[in-house]
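Everything below concerns the one structure shown next.
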Amino acid sequence: MSSTMEIQAGRQVDARRPRLVLTLVCVAVFMLMLDTTVVTAALAGIRADFDSSIDGLQWVVDAYAIPLAGVLLTFATFGDRFGRKRLFLIGMAVFTVSSLVLATSGSVLELNVLRAVQGGGAAMLFATAIPLLAATFPEAEERATAIGIYGAVMAAATVAGPVLGGALVTQFGWRSIFTINVPIGIVVLMVAFARMPEPPRSAGGRTDWLGSLLLVGGLTSGVFALTRGNALGWTSATVLSLVAGSVVLLVAFGVRQTIASYPLLRLSMVRKPGFAGTAIVSVAHMGTLIAATNYLAVFMIGSFGLTPLQMGLRLLPISFAALIAAPTAAIFAKRVPLAIALPITMGTVTVAMWLLHGVRTTSSWTHFIPGLILGGVGLGAITALTQAAALTFAPAEHAGMTSATFGTLRQIGMAMGIAGLGALFSRTARTTAESGLAAIPGAHTVDPAHSTAFLDAAAAGAGGQVTGAVPHEFASLTPTLAEIANRAAVDGLNAATMLGTVIGAVATVLAAGAFLLDARRTTRT
């Protein structure tokens, strides 16, 4: 009798363990995805505290995204041999400790370096997520349900960032967006160490560290070129060298994948019909809509005078629309071919970017509602469709590789989009501010240091908040300077959203063309 009760108790524990693993993985992924967008609410505060240029603000996002993109594939293969639980624990420890130190940052440079460390920890967590779920849920139906929950959590974290970040920043300051990770990370670490089972390790192949170095180096060089182009000149030797270095390193990465014994990217997966079109959409929607929301947040706080929480609440339409569209798209994905669905959803994002364009100095935040709703529909649908598509490009045992590949593509899109849209935003805003300042009678007599400070703040999207930096001797000019800075922010945002619209339109055409070519090749064979 006692032995029967012990067996039943053991079965109950075993039944609870998969749910525990799913919970731990989802909490970890929620944290790491949240930290890609939660900083949206903190950028204005970081700019004010550190007197940061828009270049520095771009790196707050990109310093996290580049390591996450560059080493994600490496950790996906490394975890197979090293042990997925062990890598999960190390990743959570790195993420948690770096979050704690981030909260004490004393400069924007220190902040960005620590964000890179945090991104490395996030890459370890992301790389182990799908493999842990695949090992914990061996049955196809249970695995599909678990991955569906995981995908929903990932999408929710992406769109919830501005709201949760806004609430934290408004109540406790921008440092709280990092502090909040610490107690959660400690709890996950303790529970995972004590209760998470270690899946069997795979013999696997060697880890392609050289491939990772080439990818990270190429991305970093490219982003540096985009962020420094305005300051140094787009034809300067430094910028041209960075562009050339980026091209060389990325081409070397591609060549490396064709000759490496154990490449980060399986060429058999890349050659699958539909991969190119899905990859284009994965990169483009992050580089347009998600990148643009960062500058929209800075604009709302600076020009509309909103608190971070008020800003986050006004971005809720994109969150609600995405949460509704994701499960709906997952249902339709079974009936509508991806070759049709993905170009349509990318087109939806493109129209959303166009609707976000055209703001004026007299506009209110409601101008953005149609674009935010349509953008949320596109975002939610693309998240669900690309997740479904990814599972078709490789067998189940390579689910981690597939998931990591598209995770890498998304982060590459966001890193390049943040840098590219930000460069145009800053250049346009600064040009407008320079013209407005030059039109003020006697502007040439102003101390160059004060003029430069004003132009830097305007180029960073300070809007009406630029008046806080106006010296007292120019108090009579405060309304005029605020008007100039607001006009600069409007022009900067319109330039960025128009560029996003053009990129989205090109991506839609390229994705449709890629799917069409794949269909023709498949028909011929």
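Chain lettering (A, B, ...) mirrors the order of the structure tokens, residue numbering begins at 1 for each chain separately, and ligand numbering begins at 1 in order of display.
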Find the residues near A:Leu24: any atom within 8 Å, counting only C-alpha atoms, skip ones fewer than 3 places away on the same chain, and give them as a tab-separated table (two decimals) with all heavy atoms, in the first residue's frame.
chain	number	residue	atom	x	y	z
A	20	LEU	N	6.64	23.02	-14.55
A	20	LEU	CA	7.65	23.86	-13.89
A	20	LEU	C	8.69	24.35	-14.89
A	20	LEU	O	9.05	25.53	-14.91
A	20	LEU	CB	8.33	23.07	-12.77
A	20	LEU	CG	9.50	23.78	-12.06
A	20	LEU	CD1	8.98	25.00	-11.31
A	20	LEU	CD2	10.22	22.83	-11.11
A	21	VAL	N	9.16	23.44	-15.74
A	21	VAL	CA	10.15	23.82	-16.76
A	21	VAL	C	9.56	24.86	-17.70
A	21	VAL	O	10.21	25.86	-18.03
A	21	VAL	CB	10.63	22.58	-17.55
A	21	VAL	CG1	11.51	23.01	-18.71
A	21	VAL	CG2	11.38	21.63	-16.63
A	27	VAL	N	9.21	32.54	-17.96
A	27	VAL	CA	9.61	33.70	-17.15
A	27	VAL	C	10.93	34.27	-17.66
A	27	VAL	O	11.09	35.49	-17.80
A	27	VAL	CB	9.72	33.32	-15.66
A	27	VAL	CG1	10.36	34.47	-14.86
A	27	VAL	CG2	8.36	32.99	-15.09
A	28	ALA	N	11.88	33.39	-17.97
A	28	ALA	CA	13.19	33.84	-18.47
A	28	ALA	C	13.04	34.56	-19.80
A	28	ALA	O	13.61	35.64	-20.01
A	28	ALA	CB	14.13	32.65	-18.61
A	188	VAL	N	14.20	32.56	-10.01
A	188	VAL	CA	14.30	31.60	-11.12
A	188	VAL	C	15.57	30.77	-10.97
A	188	VAL	O	15.55	29.54	-11.19
A	188	VAL	CB	14.28	32.34	-12.47
A	188	VAL	CG1	14.60	31.38	-13.61
A	188	VAL	CG2	12.92	32.99	-12.70
A	192	ALA	N	15.29	26.80	-10.54
A	192	ALA	CA	15.85	26.03	-11.65
A	192	ALA	C	16.99	25.13	-11.17
A	192	ALA	O	17.12	23.97	-11.59
A	192	ALA	CB	16.33	26.96	-12.75
A:Ala329 surroundings by only C-alpha atoms, 9 Å radius, close-in-sequence under 5 positions cut, as a list of chain:residue names: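 In the requested form, the answer reads A:Ile324, A:Lys334, A:Ala341, A:Gly380, A:Ala381, A:Ile382, A:Thr383, A:Ala384, A:Leu385.
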Show which residues sit within 6 Å of A:Leu226, as a PyMOL selection string. Count only C-alpha atoms, and ignore same-chain residues fewer than 3 positions away. chain A and resi 223+229+419-420
So which one's closest to A:Pro18, A:Arg84, A:Thr40, A:Ser52, A:Leu132? Using only C-alpha atoms, please.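 Answer, going by the shortest atom-to-atom distance: A:Leu132.
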Point-to-point distance from atom CA of A:Val349 to atom CA of A:Ser363, Å rounded to tenths: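 Taking atom CA of A:Val349 as the start and atom CA of A:Ser363 as the end point, the length is 22.1 Å.
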Fewer than 6 positions away in the same chain doesn't count, so skip those; otherwise give me all residues within 6 Å of stretch 504-516 of chain A, counting only C-alpha atoms, as a PyMOL selection string. chain A and resi 274+277+280+339+343+346-347+350
Let me see the file: selected residues, C-alpha atoms, as a short mmCIF file (atom, residue, chain, number, x, y, z; two decimals), in the first residue's frame.
data_model
loop_
_atom_site.label_atom_id
_atom_site.label_comp_id
_atom_site.auth_asym_id
_atom_site.auth_seq_id
_atom_site.Cartn_x
_atom_site.Cartn_y
_atom_site.Cartn_z
CA GLY A 274 10.09 29.88 -48.06
CA GLY A 277 10.86 35.27 -47.72
CA ILE A 280 13.13 39.11 -45.05
CA ALA A 339 3.70 32.59 -49.26
CA PRO A 343 3.84 39.36 -47.63
CA MET A 346 4.50 42.82 -44.00
CA GLY A 347 2.38 45.04 -46.23
CA THR A 350 4.19 49.11 -44.15
#
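For the choices A:Ala134, A:Ala122, A:Val94, A:Ala352, the atom-to-atom distance to A:Leu22 is smallest for A:Ala134 when using only C-alpha atoms.
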Which one is closest to A:His285: A:Val191, A:Leu34, A:Val247, A:Leu342? Count only C-alpha atoms.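 Checking each candidate against A:His285, we get A:Leu342 as the closest.
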As a PyMOL selection string, please: all residues of stretch 156-299 of chain A that backbone DSSP puts in helix (DSSP H, G or I). chain A and resi 156-172+176-179+181-195+209-232+237-259+267-270+275-299
